[in-house]
file input_17.txt (compact mmCIF, C-alpha atoms and all ligand atoms)
# COMPACT_ATOMS: atom_id res chain seq x y z
CA MET A 1 -4.93 -8.90 -67.43
CA ALA A 2 -1.41 -7.65 -68.00
CA THR A 3 -0.37 -7.57 -71.63
CA ASP A 4 2.78 -9.37 -72.71
CA PRO A 5 5.38 -6.65 -72.12
CA LEU A 6 7.54 -7.87 -74.98
CA GLN A 7 4.75 -8.17 -77.52
CA LYS A 8 4.63 -5.39 -80.09
CA THR A 9 1.19 -3.77 -79.93
CA SER A 10 1.61 -0.81 -82.23
CA PRO A 11 3.86 -0.31 -85.21
CA GLU A 12 6.91 1.72 -84.37
CA PRO A 13 9.10 3.51 -86.87
CA SER A 14 11.54 1.05 -88.31
CA VAL A 15 14.17 1.29 -91.01
CA ALA A 16 13.74 -2.28 -92.09
CA ASP A 17 10.08 -3.10 -92.18
CA THR A 18 10.95 -5.36 -95.06
CA ALA A 19 13.20 -7.36 -92.74
CA ALA A 20 15.72 -9.33 -94.72
CA PRO A 21 15.80 -13.05 -94.14
CA GLY A 22 18.97 -14.58 -92.79
CA HIS A 23 21.17 -13.38 -90.01
CA LEU A 24 20.00 -10.68 -87.64
CA VAL A 25 23.55 -9.55 -86.87
CA VAL A 26 26.55 -9.87 -89.17
CA PHE A 27 30.12 -8.82 -88.37
CA ASP A 28 32.06 -8.89 -91.61
CA GLN A 29 35.83 -8.40 -91.32
CA VAL A 30 35.36 -5.89 -88.52
CA VAL A 31 38.49 -4.14 -87.31
CA LYS A 32 38.62 -1.84 -84.30
CA ARG A 33 41.84 -0.02 -83.50
CA TYR A 34 42.74 2.48 -80.84
CA GLY A 35 45.88 4.06 -82.27
CA ASP A 36 48.21 1.13 -83.01
CA HIS A 37 46.33 -1.20 -80.68
CA VAL A 38 44.20 -3.63 -82.70
CA VAL A 39 41.30 -4.59 -80.42
CA LEU A 40 39.18 -6.47 -83.00
CA ASP A 41 41.11 -8.13 -85.78
CA HIS A 42 39.08 -8.81 -88.95
CA LEU A 43 36.29 -10.30 -86.91
CA ASP A 44 33.58 -12.37 -88.62
CA PHE A 45 30.52 -13.78 -86.91
CA THR A 46 26.77 -13.92 -87.29
CA VAL A 47 23.85 -14.14 -84.90
CA ASP A 48 20.48 -15.47 -86.01
CA ARG A 49 17.14 -14.15 -84.91
CA GLY A 50 16.18 -15.49 -81.50
CA GLN A 51 19.63 -16.87 -80.72
CA HIS A 52 21.30 -16.32 -77.38
CA VAL A 53 25.02 -15.93 -77.85
CA THR A 54 27.51 -15.54 -75.01
CA LEU A 55 30.93 -14.00 -75.51
CA ILE A 56 33.65 -15.26 -73.19
CA GLY A 57 37.36 -14.69 -73.06
CA PRO A 58 40.13 -13.02 -71.12
CA SER A 59 40.04 -9.40 -70.05
CA GLY A 60 40.90 -7.10 -72.93
CA SER A 61 40.00 -9.61 -75.67
CA GLY A 62 37.47 -7.20 -77.17
CA LYS A 63 34.09 -8.52 -75.94
CA THR A 64 32.71 -5.23 -74.62
CA THR A 65 33.96 -3.43 -77.72
CA ILE A 66 31.70 -5.66 -79.85
CA LEU A 67 28.63 -4.60 -77.85
CA ARG A 68 29.68 -0.95 -77.92
CA LEU A 69 30.05 -1.08 -81.72
CA LEU A 70 26.54 -2.51 -82.03
CA MET A 71 25.25 0.23 -79.76
CA THR A 72 27.16 2.76 -81.93
CA LEU A 73 28.98 4.01 -78.85
CA GLU A 74 32.11 3.29 -80.90
CA GLN A 75 32.68 3.21 -84.66
CA VAL A 76 34.47 0.50 -86.63
CA SER A 77 37.94 1.22 -88.00
CA ASP A 78 37.19 -1.08 -90.92
CA GLY A 79 34.68 -3.73 -92.00
CA VAL A 80 30.90 -3.87 -91.99
CA ILE A 81 28.26 -4.57 -89.36
CA MET A 82 24.78 -5.49 -90.55
CA VAL A 83 21.68 -5.48 -88.35
CA ASP A 84 18.48 -6.99 -89.69
CA GLY A 85 19.68 -6.75 -93.26
CA GLN A 86 20.81 -3.13 -92.99
CA SER A 87 24.30 -1.76 -92.69
CA LEU A 88 24.95 -0.14 -89.32
CA THR A 89 28.32 1.11 -90.53
CA HIS A 90 27.58 2.39 -94.03
CA MET A 91 24.92 4.23 -95.97
CA PRO A 92 24.40 4.99 -99.64
CA GLY A 93 26.59 7.79 -100.99
CA PRO A 94 26.61 9.52 -104.38
CA ASN A 95 26.55 7.46 -107.60
CA GLY A 96 25.88 4.15 -105.94
CA SER A 97 28.89 4.45 -103.61
CA LEU A 98 28.87 3.74 -99.89
CA ARG A 99 29.95 6.15 -97.20
CA PRO A 100 30.25 5.85 -93.42
CA ALA A 101 26.84 5.91 -91.77
CA ASN A 102 25.88 9.17 -90.15
CA GLU A 103 24.27 9.52 -86.73
CA LYS A 104 20.72 9.73 -88.06
CA HIS A 105 21.12 6.51 -90.05
CA GLN A 106 22.60 4.73 -87.04
CA ARG A 107 19.97 6.05 -84.64
CA GLU A 108 17.19 4.42 -86.67
CA ILE A 109 18.88 1.02 -86.70
CA ARG A 110 19.85 1.31 -83.04
CA LYS A 111 16.16 1.38 -82.11
CA LYS A 112 16.28 -2.36 -82.65
CA ILE A 113 18.95 -2.76 -79.97
CA GLY A 114 18.82 -2.40 -76.19
CA MET A 115 21.78 -2.60 -73.86
CA VAL A 116 22.22 -3.21 -70.15
CA PHE A 117 25.54 -2.07 -68.74
CA GLN A 118 27.65 -3.18 -65.81
CA GLN A 119 26.95 0.12 -64.06
CA PHE A 120 23.19 0.49 -64.17
CA ASN A 121 23.30 4.06 -65.55
CA LEU A 122 19.81 4.97 -64.33
CA PHE A 123 18.85 8.63 -64.38
CA PRO A 124 19.30 9.59 -60.69
CA ASN A 125 16.82 12.46 -60.76
CA MET A 126 13.96 10.35 -62.15
CA ASN A 127 11.89 7.74 -60.38
CA VAL A 128 11.71 4.16 -61.63
CA LEU A 129 8.67 4.68 -63.84
CA GLN A 130 10.17 7.82 -65.38
CA ASN A 131 13.43 5.99 -66.03
CA ILE A 132 11.58 3.31 -67.96
CA THR A 133 9.21 5.58 -69.90
CA GLU A 134 11.70 8.30 -70.83
CA ALA A 135 13.02 6.74 -74.05
CA PRO A 136 9.75 5.19 -75.29
CA VAL A 137 8.12 8.63 -74.98
CA ASN A 138 11.00 10.80 -76.19
CA VAL A 139 12.65 8.51 -78.74
CA LEU A 140 9.76 6.39 -80.03
CA GLY A 141 7.13 9.08 -79.54
CA LEU A 142 4.90 6.71 -77.58
CA ASP A 143 1.89 8.14 -75.82
CA ARG A 144 2.75 8.57 -72.10
CA ALA A 145 -0.16 6.46 -70.86
CA GLU A 146 0.83 3.61 -73.17
CA ALA A 147 4.48 3.94 -72.12
CA GLU A 148 3.45 3.76 -68.45
CA GLU A 149 1.34 0.70 -69.03
CA ARG A 150 4.25 -0.93 -70.80
CA ALA A 151 6.57 0.10 -67.95
CA ARG A 152 4.27 -1.38 -65.30
CA ASP A 153 4.08 -4.68 -67.18
CA LEU A 154 7.86 -4.74 -67.36
CA LEU A 155 8.19 -3.91 -63.66
CA GLN A 156 6.05 -6.94 -63.00
CA LEU A 157 8.31 -9.02 -65.24
CA VAL A 158 11.40 -7.97 -63.23
CA GLY A 159 9.56 -8.30 -59.90
CA LEU A 160 9.54 -4.61 -58.96
CA GLU A 161 5.93 -3.54 -59.44
CA GLU A 162 5.97 -1.99 -55.94
CA LYS A 163 8.90 0.31 -56.79
CA ALA A 164 7.43 2.44 -59.56
CA THR A 165 7.75 5.70 -57.62
CA ALA A 166 11.05 4.92 -55.89
CA HIS A 167 14.21 6.75 -56.87
CA PRO A 168 17.35 4.80 -57.86
CA THR A 169 19.14 5.71 -54.61
CA GLN A 170 16.34 3.98 -52.66
CA LEU A 171 17.00 0.68 -54.45
CA SER A 172 19.65 -2.00 -54.01
CA GLY A 173 22.12 -2.54 -56.83
CA GLY A 174 20.24 -5.66 -57.89
CA GLN A 175 16.96 -3.78 -57.99
CA GLN A 176 18.57 -0.95 -59.97
CA GLN A 177 19.89 -3.46 -62.47
CA ARG A 178 16.43 -5.01 -62.84
CA VAL A 179 15.07 -1.52 -63.55
CA ALA A 180 17.80 -1.11 -66.16
CA ILE A 181 16.70 -4.38 -67.78
CA ALA A 182 13.08 -3.16 -67.81
CA ARG A 183 14.24 0.14 -69.28
CA ALA A 184 16.09 -1.60 -72.11
CA LEU A 185 13.08 -3.85 -72.84
CA ALA A 186 10.69 -0.89 -72.86
CA MET A 187 12.04 0.03 -76.29
CA ARG A 188 10.93 -3.40 -77.55
CA PRO A 189 14.37 -4.14 -78.96
CA GLU A 190 14.93 -7.14 -81.17
CA ILE A 191 18.42 -7.54 -79.75
CA LEU A 192 19.35 -7.27 -76.09
CA LEU A 193 23.02 -6.65 -75.28
CA LEU A 194 24.13 -7.58 -71.78
CA ASP A 195 27.56 -6.37 -70.70
CA GLU A 196 28.69 -8.04 -67.48
CA VAL A 197 25.45 -6.98 -65.87
CA THR A 198 26.16 -8.60 -62.51
CA SER A 199 29.83 -7.66 -62.14
CA ALA A 200 29.14 -4.57 -60.03
CA LEU A 201 26.71 -6.34 -57.69
CA ASP A 202 27.22 -7.76 -54.21
CA PRO A 203 27.23 -11.56 -54.53
CA GLU A 204 23.87 -12.00 -52.79
CA LEU A 205 22.18 -9.77 -55.37
CA VAL A 206 23.49 -11.56 -58.44
CA HIS A 207 20.94 -14.39 -58.42
CA GLY A 208 17.88 -12.15 -58.58
CA VAL A 209 19.18 -10.41 -61.69
CA LEU A 210 20.26 -13.62 -63.40
CA ASP A 211 16.90 -15.24 -62.63
CA VAL A 212 15.11 -12.36 -64.37
CA LEU A 213 17.38 -12.70 -67.40
CA ARG A 214 16.95 -16.49 -67.49
CA ASP A 215 13.22 -15.95 -67.47
CA ILE A 216 13.45 -13.47 -70.35
CA ALA A 217 15.74 -15.80 -72.30
CA HIS A 218 13.44 -18.78 -71.85
CA THR A 219 10.06 -17.12 -72.31
CA THR A 220 10.61 -14.57 -75.08
CA ASP A 221 12.02 -14.73 -78.59
CA ILE A 222 14.41 -11.83 -78.08
CA THR A 223 17.91 -12.20 -79.50
CA MET A 224 20.64 -11.87 -76.87
CA LEU A 225 24.33 -11.10 -76.99
CA CYS A 226 25.81 -11.46 -73.60
CA VAL A 227 29.24 -10.80 -72.10
CA THR A 228 29.46 -12.52 -68.76
CA HIS A 229 31.81 -14.19 -66.33
CA GLU A 230 28.88 -16.16 -64.88
CA MET A 231 29.56 -19.44 -66.61
CA ASN A 232 26.57 -21.31 -65.14
CA PHE A 233 24.29 -18.59 -66.45
CA ALA A 234 26.00 -18.77 -69.85
CA ARG A 235 25.48 -22.52 -69.86
CA ASP A 236 21.79 -22.10 -69.01
CA ILE A 237 20.81 -19.50 -71.57
CA SER A 238 23.19 -19.82 -74.51
CA ASP A 239 22.58 -21.45 -77.84
CA ARG A 240 26.17 -20.66 -78.69
CA VAL A 241 29.28 -19.60 -76.80
CA MET A 242 32.06 -17.74 -78.59
CA MET A 243 35.51 -17.77 -77.06
CA PHE A 244 37.58 -14.66 -77.81
CA ASP A 245 41.26 -14.07 -77.59
CA LYS A 246 43.10 -11.01 -78.85
CA GLY A 247 40.19 -9.69 -80.89
CA LYS A 248 39.39 -12.94 -82.68
CA VAL A 249 36.94 -15.78 -82.13
CA ILE A 250 39.18 -18.74 -81.46
CA GLU A 251 36.32 -21.20 -81.07
CA SER A 252 32.57 -21.24 -81.04
CA GLY A 253 30.03 -23.92 -80.22
CA THR A 254 27.23 -25.08 -77.97
CA PRO A 255 27.74 -24.55 -74.22
CA GLU A 256 28.06 -28.33 -73.86
CA LYS A 257 30.93 -28.35 -76.34
CA ILE A 258 32.76 -25.23 -75.16
CA PHE A 259 32.41 -25.90 -71.42
CA GLY A 260 32.62 -29.69 -71.66
CA ASP A 261 35.11 -30.46 -74.40
CA PRO A 262 36.76 -27.37 -75.87
CA ASP A 263 39.10 -27.85 -78.82
CA HIS A 264 41.44 -25.00 -78.05
CA GLU A 265 44.11 -25.03 -75.36
CA ARG A 266 43.52 -21.30 -74.73
CA THR A 267 39.84 -22.04 -73.99
CA ARG A 268 40.79 -24.79 -71.54
CA GLU A 269 43.22 -22.43 -69.78
CA PHE A 270 40.63 -19.65 -69.57
CA LEU A 271 37.87 -21.92 -68.28
CA GLY A 272 40.29 -23.50 -65.83
CA ALA A 273 40.91 -20.07 -64.37
CA VAL A 274 37.27 -18.95 -64.15
CA LEU A 275 35.29 -22.13 -63.42
N1 LIG B 301 38.31 4.10 -75.56
C1 LIG B 301 39.39 3.30 -75.58
N2 LIG B 301 40.62 3.80 -75.86
C2 LIG B 301 41.69 3.00 -75.92
N3 LIG B 301 41.66 1.66 -75.70
C3 LIG B 301 40.47 1.12 -75.41
C4 LIG B 301 39.27 1.89 -75.35
N4 LIG B 301 38.24 1.06 -75.06
C5 LIG B 301 38.76 -0.17 -74.95
N5 LIG B 301 40.11 -0.14 -75.16
C6 LIG B 301 41.00 -1.29 -75.13
O1 LIG B 301 40.46 -2.29 -75.95
C7 LIG B 301 40.77 -3.58 -75.45
C8 LIG B 301 39.51 -4.41 -75.43
O2 LIG B 301 38.63 -3.87 -74.45
P1 LIG B 301 37.24 -4.55 -74.13
O3 LIG B 301 36.63 -3.75 -73.03
O4 LIG B 301 36.47 -4.75 -75.38
O5 LIG B 301 37.70 -5.96 -73.58
P2 LIG B 301 36.87 -7.07 -72.84
O6 LIG B 301 37.20 -8.35 -73.51
O7 LIG B 301 35.45 -6.67 -72.76
O8 LIG B 301 37.54 -7.03 -71.40
P3 LIG B 301 36.89 -7.16 -69.93
O9 LIG B 301 36.47 -8.60 -69.79
O10 LIG B 301 38.02 -6.79 -69.03
O11 LIG B 301 35.75 -6.19 -69.88
C9 LIG B 301 41.41 -3.37 -74.08
O12 LIG B 301 42.80 -3.53 -74.21
C10 LIG B 301 41.06 -1.94 -73.76
O13 LIG B 301 42.06 -1.35 -72.97

call {"tool": "encode", "arguments": {"input": "input_17.txt", "output": "structure tokens", "more": "lines below"}}
Ligand SMILES: Nc1ncnc2c1ncn2[C@@H]1O[C@H](COP(=O)(O)OP(=O)(O)OP(=O)(O)O)[C@@H](O)[C@H]1O
result
Amino acid sequence: MATDPLQKTSPEPSVADTAAPGHLVVFDQVVKRYGDHVVLDHLDFTVDRGQHVTLIGPSGSGKTTILRLLMTLEQVSDGVIMVDGQSLTHMPGPNGSLRPANEKHQREIRKKIGMVFQQFNLFPNMNVLQNITEAPVNVLGLDRAEAEERARDLLQLVGLEEKATAHPTQLSGGQQQRVAIARALAMRPEILLLDEVTSALDPELVHGVLDVLRDIAHTTDITMLCVTHEMNFARDISDRVMMFDKGKVIESGTPEKIFGDPDHERTREFLGAVL
């Protein structure tokens, strides 16, 4: 019988084995600037373990930047990000001081986070199985046989068990994106970041990918942060929807509240344009 692909079977190196109670993700007065352009403006929000949070808002409001900061693809200009009780942005310095986190510190915390991008970013020279096992073997140090078993379970989860030896160019965009989802999950992340994962797909391929993600949202306890323009999907999977404008959360609430009866005029305008 296939094992649950999202169930942890062996202990993996973790920086926070003594996981702090409380919020899994904390943004505390986070500022991100590019030159004079303030993209995130003293942003505060939290995400609890197991929550599914969707970020919506106009183009350029800073949604992708939030995911890229969590993935440490970008660094904060100011403020603190905490993940599972540990600072992603800072580390202890001399004499009890704090200094900006270095790459090694961030790499350990980032093991808790997986991301799926708009462009699938699969390794073109590797087959599907190799794409999924590469990081578990090389980053987590997992035994190859165990990584392959995990990968096959995940291929079943995303409905691609027949494609293990195919190369990315032999797959449709929707299939490639489902491989990318399996690849992110193969690291057994606690947090899954989804950045407009269907935006690059032909319309007829969108449903297959969203169905897989709905399934994951409804059947696992993974925490999700999702940037999407698929409002029905957001409604289906979200515990909370956060509406962004100009680098700030202008309102936040259940999907029923935000999609049904938003408080903010800007939210009504935005939803009027996209729904
Ligand atoms: N590397 C960069 N250098 C300069 N400006 C950047 C960089 N990355 C992002 N920006 C700017 O930051 C702002 C926020 O970008 P971000 O991608 O986070 O927005 P978004 O809300 O995700 O938008 P979209 O819905 O269009 O993806 C934009 O004005 C963008 O041009």

call {"tool": "closest_residue", "arguments": {"input": "input_17.txt", "among": "A:Leu185, A:Ile258, A:Val76, A:Met82", "to": "Pro100 in chain A", "atoms": "all atoms listed in the file"}}
result
A:Val76

call {"tool": "residues_near_ligand", "arguments": {"input": "input_17.txt", "ligand": "ligand LIG 301 (chain B)", "cutoff": "7 Å", "atoms": "all atoms listed in the file", "output": "mmCIF file with C-alpha atoms, keeping the file's coordinate frame"}}
result
data_model
loop_
_atom_site.group_PDB
_atom_site.id
_atom_site.type_symbol
_atom_site.label_atom_id
_atom_site.label_comp_id
_atom_site.auth_asym_id
_atom_site.auth_seq_id
_atom_site.Cartn_x
_atom_site.Cartn_y
_atom_site.Cartn_z
ATOM 1 C CA TYR A 34 42.740 2.480 -80.840
ATOM 2 C CA VAL A 39 41.300 -4.590 -80.420
ATOM 3 C CA GLY A 57 37.360 -14.690 -73.060
ATOM 4 C CA PRO A 58 40.130 -13.020 -71.120
ATOM 5 C CA SER A 59 40.040 -9.400 -70.050
ATOM 6 C CA GLY A 60 40.900 -7.100 -72.930
ATOM 7 C CA SER A 61 40.000 -9.610 -75.670
ATOM 8 C CA GLY A 62 37.470 -7.200 -77.170
ATOM 9 C CA LYS A 63 34.090 -8.520 -75.940
ATOM 10 C CA THR A 64 32.710 -5.230 -74.620
ATOM 11 C CA THR A 65 33.960 -3.430 -77.720
ATOM 12 C CA ILE A 66 31.700 -5.660 -79.850
#

call {"tool": "residues_near_point", "arguments": {"input": "input_17.txt", "point": "(29.0, -23.5, -61.0)", "cutoff": "8 Å", "atoms": "all atoms listed in the file", "output": "number ranges by chain"}}
result
A: 231-232, 275

call {"tool": "residues_around", "arguments": {"input": "input_17.txt", "residues": "Glu190 in chain A", "least_positions_apart": "3", "cutoff": "8 Å", "atoms": "all atoms listed in the file", "output": "list of chain:residue names"}}
result
A:Lys112, A:Ile113, A:Gly114, A:Ile222, A:Thr223

call {"tool": "closest_residue", "arguments": {"input": "input_17.txt", "among": "A:Val38, A:Val212, A:Met91, A:Ile181", "to": "Lys248 in chain A", "atoms": "all atoms listed in the file"}}
result
A:Val38

call {"tool": "atom_distance", "arguments": {"input": "input_17.txt", "atom1": "CA of Met71 in chain A", "atom2": "CA of His207 in chain A"}}
result
26.2 Å

call {"tool": "atom_distance", "arguments": {"input": "input_17.txt", "atom1": "CA of Val209 in chain A", "atom2": "CA of Ala234 in chain A"}}
result
13.5 Å

call {"tool": "residues_around", "arguments": {"input": "input_17.txt", "residues": "range 262-271 of chain A", "least_positions_apart": "6", "cutoff": "12 Å", "atoms": "all atoms listed in the file", "output": "number ranges by chain"}}
result
A: 56-59, 61, 229-232, 241-246, 249-256

call {"tool": "residues_around", "arguments": {"input": "input_17.txt", "residues": "Ala101 in chain A", "least_positions_apart": "6", "cutoff": "7 Å", "atoms": "all atoms listed in the file", "output": "number ranges by chain"}}
result
A: 88-91

call {"tool": "closest_residue", "arguments": {"input": "input_17.txt", "among": "A:Pro124, A:Gly79, A:Pro168, A:Gly208", "to": "Leu43 in chain A", "atoms": "all atoms listed in the file"}}
result
A:Gly79

call {"tool": "atom_distance", "arguments": {"input": "input_17.txt", "atom1": "CA of Thr220 in chain A", "atom2": "CA of Val47 in chain A"}}
result
16.5 Å

call {"tool": "residues_around", "arguments": {"input": "input_17.txt", "residues": "Ser238 in chain A", "least_positions_apart": "3", "cutoff": "6 Å", "atoms": "all atoms listed in the file", "output": "tab-separated table (two decimals) with C-alpha atoms, in the coordinates of the input"}}
result
chain	number	residue	atom	x	y	z
A	52	HIS	CA	21.30	-16.32	-77.38
A	53	VAL	CA	25.02	-15.93	-77.85
A	234	ALA	CA	26.00	-18.77	-69.85
A	235	ARG	CA	25.48	-22.52	-69.86

call {"tool": "axis_aligned_box", "arguments": {"input": "input_17.txt", "around": "range 39-46 of chain A", "padding_each_side": "8 Å", "output": "AutoDock Vina command-line options"}}
result
--center_x 34.0 --center_y -9.3 --center_z -84.7 --size_x 30.5 --size_y 25.3 --size_z 24.5

call {"tool": "closest_residue", "arguments": {"input": "input_17.txt", "among": "A:Lys111, A:Asn102, A:Val139, A:Thr165", "to": "Met126 in chain A", "atoms": "only C-alpha atoms"}}
result
A:Thr165

call {"tool": "residues_around", "arguments": {"input": "input_17.txt", "residues": "Asn127 in chain A", "least_positions_apart": "3", "cutoff": "10 Å", "atoms": "only C-alpha atoms", "output": "PDB file with C-alpha atoms, in the frame of the given file"}}
result
ATOM      1  CA  LEU A 122      19.810   4.970 -64.330  1.00  0.00           C
ATOM      2  CA  PHE A 123      18.850   8.630 -64.380  1.00  0.00           C
ATOM      3  CA  PRO A 124      19.300   9.590 -60.690  1.00  0.00           C
ATOM      4  CA  GLN A 130      10.170   7.820 -65.380  1.00  0.00           C
ATOM      5  CA  ASN A 131      13.430   5.990 -66.030  1.00  0.00           C
ATOM      6  CA  ILE A 132      11.580   3.310 -67.960  1.00  0.00           C
ATOM      7  CA  LYS A 163       8.900   0.310 -56.790  1.00  0.00           C
ATOM      8  CA  ALA A 164       7.430   2.440 -59.560  1.00  0.00           C
ATOM      9  CA  THR A 165       7.750   5.700 -57.620  1.00  0.00           C
ATOM     10  CA  ALA A 166      11.050   4.920 -55.890  1.00  0.00           C
ATOM     11  CA  HIS A 167      14.210   6.750 -56.870  1.00  0.00           C
ATOM     12  CA  PRO A 168      17.350   4.800 -57.860  1.00  0.00           C
ATOM     13  CA  THR A 169      19.140   5.710 -54.610  1.00  0.00           C
ATOM     14  CA  GLN A 170      16.340   3.980 -52.660  1.00  0.00           C
TER      15      GLN A 170
END

call {"tool": "closest_residue", "arguments": {"input": "input_17.txt", "among": "A:Val128, A:Ala273, A:Ala135, A:Val26", "to": "Asp48 in chain A", "atoms": "only C-alpha atoms"}}
result
A:Val26

call {"tool": "closest_residue", "arguments": {"input": "input_17.txt", "among": "A:Leu140, A:Leu40, A:Leu210, A:Leu129", "to": "Glu108 in chain A", "atoms": "all atoms listed in the file"}}
result
A:Leu140

call {"tool": "build_atoms", "arguments": {"input": "input_17.txt", "residues": "range 124-139 of chain A", "atoms": "N, CA and C atoms", "output": "PDB file, keeping the file's coordinate frame"}}
result
ATOM      1  N   PRO A 124      19.481   9.498 -62.147  1.00  0.00           N
ATOM      2  CA  PRO A 124      19.300   9.590 -60.690  1.00  0.00           C
ATOM      3  C   PRO A 124      18.160  10.517 -60.275  1.00  0.00           C
ATOM      4  N   ASN A 125      17.850  11.483 -61.126  1.00  0.00           N
ATOM      5  CA  ASN A 125      16.820  12.460 -60.760  1.00  0.00           C
ATOM      6  C   ASN A 125      15.414  12.024 -61.155  1.00  0.00           C
ATOM      7  N   MET A 126      15.287  10.840 -61.730  1.00  0.00           N
ATOM      8  CA  MET A 126      13.960  10.350 -62.150  1.00  0.00           C
ATOM      9  C   MET A 126      13.589   9.132 -61.319  1.00  0.00           C
ATOM     10  N   ASN A 127      12.294   8.957 -61.079  1.00  0.00           N
ATOM     11  CA  ASN A 127      11.890   7.740 -60.380  1.00  0.00           C
ATOM     12  C   ASN A 127      11.909   6.556 -61.365  1.00  0.00           C
ATOM     13  N   VAL A 128      11.592   5.378 -60.839  1.00  0.00           N
ATOM     14  CA  VAL A 128      11.710   4.160 -61.630  1.00  0.00           C
ATOM     15  C   VAL A 128      10.826   4.227 -62.888  1.00  0.00           C
ATOM     16  N   LEU A 129       9.587   4.627 -62.698  1.00  0.00           N
ATOM     17  CA  LEU A 129       8.670   4.680 -63.840  1.00  0.00           C
ATOM     18  C   LEU A 129       9.173   5.673 -64.896  1.00  0.00           C
ATOM     19  N   GLN A 130       9.657   6.818 -64.430  1.00  0.00           N
ATOM     20  CA  GLN A 130      10.170   7.820 -65.380  1.00  0.00           C
ATOM     21  C   GLN A 130      11.407   7.301 -66.109  1.00  0.00           C
ATOM     22  N   ASN A 131      12.262   6.574 -65.385  1.00  0.00           N
ATOM     23  CA  ASN A 131      13.430   5.990 -66.030  1.00  0.00           C
ATOM     24  C   ASN A 131      13.025   5.073 -67.180  1.00  0.00           C
ATOM     25  N   ILE A 132      11.966   4.307 -66.957  1.00  0.00           N
ATOM     26  CA  ILE A 132      11.580   3.310 -67.960  1.00  0.00           C
ATOM     27  C   ILE A 132      10.802   3.939 -69.121  1.00  0.00           C
ATOM     28  N   THR A 133      10.053   4.998 -68.838  1.00  0.00           N
ATOM     29  CA  THR A 133       9.210   5.580 -69.900  1.00  0.00           C
ATOM     30  C   THR A 133       9.933   6.666 -70.701  1.00  0.00           C
ATOM     31  N   GLU A 134      11.056   7.139 -70.195  1.00  0.00           N
ATOM     32  CA  GLU A 134      11.700   8.300 -70.830  1.00  0.00           C
ATOM     33  C   GLU A 134      11.969   8.056 -72.319  1.00  0.00           C
ATOM     34  N   ALA A 135      12.660   6.957 -72.639  1.00  0.00           N
ATOM     35  CA  ALA A 135      13.020   6.740 -74.050  1.00  0.00           C
ATOM     36  C   ALA A 135      11.815   6.357 -74.916  1.00  0.00           C
ATOM     37  N   PRO A 136      10.920   5.476 -74.449  1.00  0.00           N
ATOM     38  CA  PRO A 136       9.750   5.190 -75.290  1.00  0.00           C
ATOM     39  C   PRO A 136       8.958   6.463 -75.646  1.00  0.00           C
ATOM     40  N   VAL A 137       8.854   7.386 -74.696  1.00  0.00           N
ATOM     41  CA  VAL A 137       8.120   8.630 -74.980  1.00  0.00           C
ATOM     42  C   VAL A 137       8.953   9.546 -75.872  1.00  0.00           C
ATOM     43  N   ASN A 138      10.216   9.774 -75.485  1.00  0.00           N
ATOM     44  CA  ASN A 138      11.000  10.800 -76.190  1.00  0.00           C
ATOM     45  C   ASN A 138      11.688  10.304 -77.458  1.00  0.00           C
ATOM     46  N   VAL A 139      11.983   9.013 -77.533  1.00  0.00           N
ATOM     47  CA  VAL A 139      12.650   8.510 -78.740  1.00  0.00           C
ATOM     48  C   VAL A 139      11.641   7.862 -79.696  1.00  0.00           C
TER      49      VAL A 139
END
